[in-house]
Amino acid sequence: MRNFFHLSIEYFKKIKPPKKPHSSPFQTRFLTSYHQWLIFFGICIGIFNLNLYRDYKDYQHYTKNNSLVLEATVQLQYKKSKNNHQYFVLKLEDERGHIFYTTSRLDLKPLEYKKLRIYGRLSQCSFIEFLKSCYLHTFSLSVLPNKSFKSPLRSWINSQHSDTNSAILYRALFFGDNINLVWREFSNTTGIAHIIAISGFHLGVLSVMVFFLSFIFYRPLQKRYFPYRNIFYDLGALVLISMFFYLLLLEFQPSFFRAFLMATLGFIFYYSGVKILSFESLILASSIAIALFPGFLWNIGFILSVFGVFYILLFVNHMPKLPLLGYFIVFDCVIFLLMGPIVHFYFPYFSPYQFVSIPISIIFGPFFLLVLGLHFLSFGNTFDFIYIWALSHKINYIEFFTPLWLFLLYISLSLLSIKFRLLFFTLIVLSGIFYAFLCIRYILISFC
C-alpha cells in the first residue's frame with residue numbers, strides 16, 4: 001500500500017499542468033471571410049439608406065413652404081461686424097440634430113443652450129448642404145421655457161470661475177460644450193483644438209481613471225469571494241457602462257461616439273479572442289457610426305478622429321519597442337507630424353506655437369484628472385491665471401491649405417503603409433518636410 005502511494009505521487013509529479021490559454025475561452029470567428037464582410041456592409045448600407053431617407057423627409061418638410069416655424073436649441077452665439085454694423089450669429093440644432101445658422105441685429109441677451117421658437121424662411125439649400133448646415137432667414141424669434149439637464153452642471157462650473165473664458169474652457173473639456181471665438185482662434189493657432197474638443201483622447205483618460213478606481217475596491221472582493229471571475233471582463237464592462245452614461249451627457253458628440261463604438265467593439269473582440277488593435281475594428285466602428293448618423297460623413301471632428309486612430313494604429317504596428325517614457329514622447333511627436341497634412345486640408349492656420357501642443361498632449365491625461373478633482377473640491381479656478389495670461393497674448397499666424405493633389409497622395413501613401421513598413425517612416429519624413437515648409441513660409445511672411 002505504501003509503495004502504491006509513493007508510485008502515485010511520482011506519477012502525478014510527471015503530469016504537467018495545463019497551460020493557461022493565451023486566447024479567450026469564448027473564441028469565435030467573426031468577419032473572417034469576404035462573405036461575412038459583404039453581409040456586414042450590406043446591413044450598414046441598408047441602415048444608412050433608411051436614416052438618409054429620414055433626413056430627406058426632414059429636408060422636404062423644411063423646404064416645402066416659403067416660411068416655417070423652427071424649434072431649436074442655440075449651440076453657439078457670437079458677434080460679427082460688417083460695414084460698421086454689428087450683428088449676432090446663432091448656431092441652432094433641432095431635435096433631429098440638423099444644424100442651422102441665422103443672424104440677428106437685435107441686442108440679444110446670452111442665449112446659448114436655450115430653446116428658441118423661430119419664424120423664418122430657409123435659404124436656398126440643397127439636400128447635401130442640409131446634411132451639413134443651412135442658413136435660416138429669421139423674421140422673429142422667442143425664447144421657450146426649457147431647462148437643459150446640463151444646466152446645473154454648467155452653473156456648478158460657472159460658480160467656480162470669475163473669468164468667463166476659463167469657465168467656457170472647462171465646460172468644453174467636461175461636457176463637450178462649444179467654445180467661443182477667443183478660444184477657437186487660440187486653439188487653431190496653437191494646435192490644441194484636438195485637446196479641447198471631446199474625443200477618444202478624453203475617453204481613454206476617463207476609462208483609465210474609472211478602471212483603476214474600480215480595481216482598488218473590486219480586487220480584494222474578487223480575490224476573497226469570486227476568484228474564478230475574470231477581473232478584466234468585469235471591470236471592462238463597468239467602464240463601458242460608465243462611458244455610455246457620459247456619452248448620454250455629451251448628447252452623442254460625434255468623435256466621442258466613434259471612440260465609444262471602438263471601445264465597445266474592442267471589449268467584444270477581447271472577450272471573443274479577436275485582435276483588438278486592428279484596422280478592421282476601425283472600419284467596423286466608423287461604418288456603424290456613419291450608418292446610424294449619415295451626417296458624420298461631413299463632420300470634420302469625426303473625420304479627424306478617424307484619421308487620428310488610423311495613424312495611432314500605424315504607429316503601434318510599425319514602431320519598434322522603446323522604453324515606456326520614450327515611447328510616449330515619440331508617440332506624441334509622430335502623431336502630431338502625421339496629422340499635419342490632414343489637419344491643414346480643413347484648417348489653414350499655422351504658427352510655430354503649434355509645436356507646444358506636443359508637451360501639452362503628453363501631460364494632458366494627469367492634468368485632466370487633476371482639474372476634474374479640483375472642481376469636485378471647489379478649487380476649479382486654481383489654473384485660471386494661466387488661461388488669462390495665455391489668451392492675453394496675440395499670436396501671429398499664416399494660412400495654408402493642403403493642396404488637393406498632396407492630400408490625395410498623402411492618403412494613398414498612408415493606406416499603402418498599412419502593408420509596407422518603410423512607407424510609414426516615409427510618411428513621417430514627408431510630414432516633417434511639410435512642417436519645415438510651413439515654418440519657412442511663416443518666417444518669410446512674418447519678417448520679410
# chains A, B, ... in the order shown; residues from 1 in each chain; ligands from 1
call {"tool": "residues_around", "arguments": {"residues": "region 417-434 of chain A", "least_positions_apart": "5", "cutoff": "10 Å", "atoms": "only C-alpha atoms", "output": "PyMOL selection string"}}
result
chain A and resi 279+310-311+313-315+317-319+333-342+402+410-412+439
call {"tool": "residues_around", "arguments": {"residues": "Ser81 (chain A)", "least_positions_apart": "6", "cutoff": "12 Å", "atoms": "only C-alpha atoms", "output": "ChimeraX atom specification"}}
result
/A:87-89,103-105
call {"tool": "select_by_dssp", "arguments": {"residues": "region 231-402 of chain A", "states": "alpha helix (DSSP H)", "output": "ChimeraX atom specification"}}
result
/A:231-249,254-272,279-292,300-318,324-346,357-376,384-391
call {"tool": "closest_residue", "arguments": {"among": "A:Asn65, A:Ser123, A:Asn381, A:Thr73", "to": "Glu95 (chain A)", "atoms": "only C-alpha atoms"}}
result
A:Thr73
call {"tool": "residues_around", "arguments": {"residues": "Arg54 (chain A)", "least_positions_apart": "3", "cutoff": "12 Å", "atoms": "only C-alpha atoms", "output": "list in words"}}
result
Ile47, Phe48, Asn49, Leu50, Asn51, Lys57, Asp58, Tyr59, Gln60, His61, Arg96, His98, Phe127, Leu131, Leu292, Phe293, Pro294 and Gly295 of chain A
call {"tool": "write_last_selection", "arguments": {"atoms": "N, CA and C atoms", "output": "CSV table (one decimal), in the first residue's frame"}}
result
chain,number,residue,atom,x,y,z
A,47,ILE,N,-29.0,50.3,-43.3
A,47,ILE,CA,-29.3,51.3,-42.2
A,47,ILE,C,-29.0,52.7,-42.6
A,48,PHE,N,-27.9,52.9,-43.3
A,48,PHE,CA,-27.5,54.2,-43.8
A,48,PHE,C,-28.6,54.8,-44.7
A,49,ASN,N,-29.1,54.0,-45.6
A,49,ASN,CA,-30.2,54.5,-46.5
A,49,ASN,C,-31.5,54.8,-45.8
A,50,LEU,N,-31.8,54.0,-44.8
A,50,LEU,CA,-33.0,54.3,-44.0
A,50,LEU,C,-32.9,55.7,-43.3
A,51,ASN,N,-31.8,55.9,-42.7
A,51,ASN,CA,-31.5,57.1,-42.0
A,51,ASN,C,-31.4,58.3,-42.9
A,57,LYS,N,-36.8,63.3,-45.7
A,57,LYS,CA,-38.1,63.7,-45.4
A,57,LYS,C,-38.1,64.9,-44.5
A,58,ASP,N,-37.1,65.1,-43.6
A,58,ASP,CA,-37.0,66.3,-42.9
A,58,ASP,C,-36.7,67.5,-43.8
A,59,TYR,N,-35.8,67.2,-44.8
A,59,TYR,CA,-35.4,68.3,-45.7
A,59,TYR,C,-36.7,68.8,-46.5
A,60,GLN,N,-37.5,67.8,-46.9
A,60,GLN,CA,-38.7,68.2,-47.7
A,60,GLN,C,-39.7,69.0,-46.8
A,61,HIS,N,-39.7,68.6,-45.5
A,61,HIS,CA,-40.6,69.3,-44.5
A,61,HIS,C,-40.2,70.8,-44.4
A,96,ARG,N,-33.8,66.8,-34.2
A,96,ARG,CA,-33.3,65.6,-35.0
A,96,ARG,C,-31.8,65.8,-35.3
A,98,HIS,N,-30.3,68.4,-36.9
A,98,HIS,CA,-29.9,69.2,-38.0
A,98,HIS,C,-29.5,70.6,-37.6
A,127,PHE,N,-29.9,69.3,-50.6
A,127,PHE,CA,-30.0,68.2,-49.6
A,127,PHE,C,-28.6,68.0,-49.0
A,131,LEU,N,-27.5,68.4,-45.0
A,131,LEU,CA,-26.9,67.4,-44.1
A,131,LEU,C,-25.8,68.1,-43.3
A,292,LEU,N,-25.6,54.9,-38.7
A,292,LEU,CA,-26.5,55.4,-37.7
A,292,LEU,C,-26.7,56.9,-37.9
A,293,PHE,N,-25.7,57.6,-38.2
A,293,PHE,CA,-25.7,59.0,-38.3
A,293,PHE,C,-25.0,59.5,-39.6
A,294,PRO,N,-25.8,59.5,-40.7
A,294,PRO,CA,-25.2,59.9,-42.0
A,294,PRO,C,-24.5,61.2,-42.0
A,295,GLY,N,-24.9,62.1,-41.2
A,295,GLY,CA,-24.2,63.5,-41.2
A,295,GLY,C,-22.8,63.4,-40.7
call {"tool": "closest_residue", "arguments": {"among": "A:Phe256, A:Phe100, A:Phe215, A:Tyr119", "to": "Val239 (chain A)", "atoms": "only C-alpha atoms"}}
result
A:Phe215
call {"tool": "residues_around", "arguments": {"residues": "Gln75 (chain A)", "least_positions_apart": "2", "cutoff": "6 Å", "atoms": "only C-alpha atoms", "output": "PyMOL selection string"}}
result
chain A and resi 91-92+112-113
call {"tool": "residues_around", "arguments": {"residues": "region 376-378 of chain A", "least_positions_apart": "5", "cutoff": "12 Å", "atoms": "only C-alpha atoms", "output": "list in words"}}
result
Leu153, Trp156, Ile157, Asn158, Ser159, Gln160, His161, Leu369, Leu370 and Val371 of chain A
call {"tool": "write_last_selection", "arguments": {"atoms": "N, CA and C atoms", "output": "short mmCIF file (atom, residue, chain, number, x, y, z; two decimals), in the first residue's frame"}}
result
data_model
loop_
_atom_site.label_atom_id
_atom_site.label_comp_id
_atom_site.auth_asym_id
_atom_site.auth_seq_id
_atom_site.Cartn_x
_atom_site.Cartn_y
_atom_site.Cartn_z
N LEU A 153 -25.05 71.50 -14.06
CA LEU A 153 -23.61 71.23 -14.18
C LEU A 153 -22.88 72.46 -14.70
N TRP A 156 -22.62 74.90 -11.95
CA TRP A 156 -21.59 74.45 -11.00
C TRP A 156 -20.19 74.86 -11.46
N ILE A 157 -19.93 74.72 -12.77
CA ILE A 157 -18.64 75.14 -13.31
C ILE A 157 -18.52 76.67 -13.26
N ASN A 158 -19.55 77.38 -13.69
CA ASN A 158 -19.51 78.85 -13.74
C ASN A 158 -19.28 79.46 -12.37
N SER A 159 -19.84 78.84 -11.32
CA SER A 159 -19.74 79.39 -9.98
C SER A 159 -18.31 79.39 -9.44
N GLN A 160 -17.44 78.57 -10.06
CA GLN A 160 -16.07 78.46 -9.57
C GLN A 160 -15.09 79.34 -10.34
N HIS A 161 -15.60 80.11 -11.31
CA HIS A 161 -14.72 80.92 -12.16
C HIS A 161 -15.27 82.33 -12.30
N LEU A 369 -7.36 64.83 -15.07
CA LEU A 369 -7.83 64.24 -13.82
C LEU A 369 -7.65 65.20 -12.65
N LEU A 370 -6.55 65.97 -12.68
CA LEU A 370 -6.28 66.94 -11.61
C LEU A 370 -7.35 68.03 -11.57
N VAL A 371 -7.64 68.64 -12.73
CA VAL A 371 -8.61 69.74 -12.73
C VAL A 371 -10.03 69.22 -12.47
#
call {"tool": "residues_around", "arguments": {"residues": "region 197-201 of chain A", "least_positions_apart": "5", "cutoff": "6 Å", "atoms": "only C-alpha atoms", "output": "PDB file with C-alpha atoms, in the first residue's frame"}}
result
ATOM      1  CA  GLY A 176     -18.468  68.926 -24.820  1.00  0.00           C
ATOM      2  CA  SER A 255     -15.856  61.984 -32.150  1.00  0.00           C
ATOM      3  CA  PHE A 256     -16.598  60.631 -28.655  1.00  0.00           C
ATOM      4  CA  ALA A 259     -14.373  56.359 -29.755  1.00  0.00           C
TER       5      ALA A 259
END
call {"tool": "closest_residue", "arguments": {"among": "A:Pro254, A:Gly120, A:Gly236, A:Pro320", "to": "Leu68 (chain A)", "atoms": "only C-alpha atoms"}}
result
A:Gly120
call {"tool": "select_by_dssp", "arguments": {"residues": "region 349-407 of chain A", "states": "strand (DSSP E or B)", "output": "PyMOL selection string"}}
result
chain A and resi 349-350+398-399
call {"tool": "write_last_selection", "arguments": {"atoms": "C-alpha atoms", "output": "mmCIF file, in the first residue's frame"}}
result
data_model
loop_
_atom_site.group_PDB
_atom_site.id
_atom_site.type_symbol
_atom_site.label_atom_id
_atom_site.label_comp_id
_atom_site.auth_asym_id
_atom_site.auth_seq_id
_atom_site.Cartn_x
_atom_site.Cartn_y
_atom_site.Cartn_z
ATOM 1 C CA TYR A 349 -3.891 78.249 -39.592
ATOM 2 C CA PHE A 350 -0.224 77.691 -38.738
ATOM 3 C CA ILE A 398 -0.236 82.293 -41.529
ATOM 4 C CA GLU A 399 -2.836 80.456 -43.579
#
call {"tool": "residues_around", "arguments": {"residues": "Phe175 (chain A)", "least_positions_apart": "2", "cutoff": "7 Å", "atoms": "only C-alpha atoms", "output": "PyMOL selection string"}}
result
chain A and resi 171-173+177+249-250
call {"tool": "write_last_selection", "arguments": {"atoms": "C-alpha atoms", "output": "PDB file, in the first residue's frame"}}
result
ATOM      1  CA  ARG A 171     -17.418  73.319 -19.902  1.00  0.00           C
ATOM      2  CA  ALA A 172     -15.905  72.266 -23.241  1.00  0.00           C
ATOM      3  CA  LEU A 173     -13.499  69.807 -21.586  1.00  0.00           C
ATOM      4  CA  ASP A 177     -19.867  72.481 -24.970  1.00  0.00           C
ATOM      5  CA  LEU A 249     -24.311  63.540 -21.090  1.00  0.00           C
ATOM      6  CA  LEU A 250     -22.420  64.644 -24.210  1.00  0.00           C
TER       7      LEU A 250
END
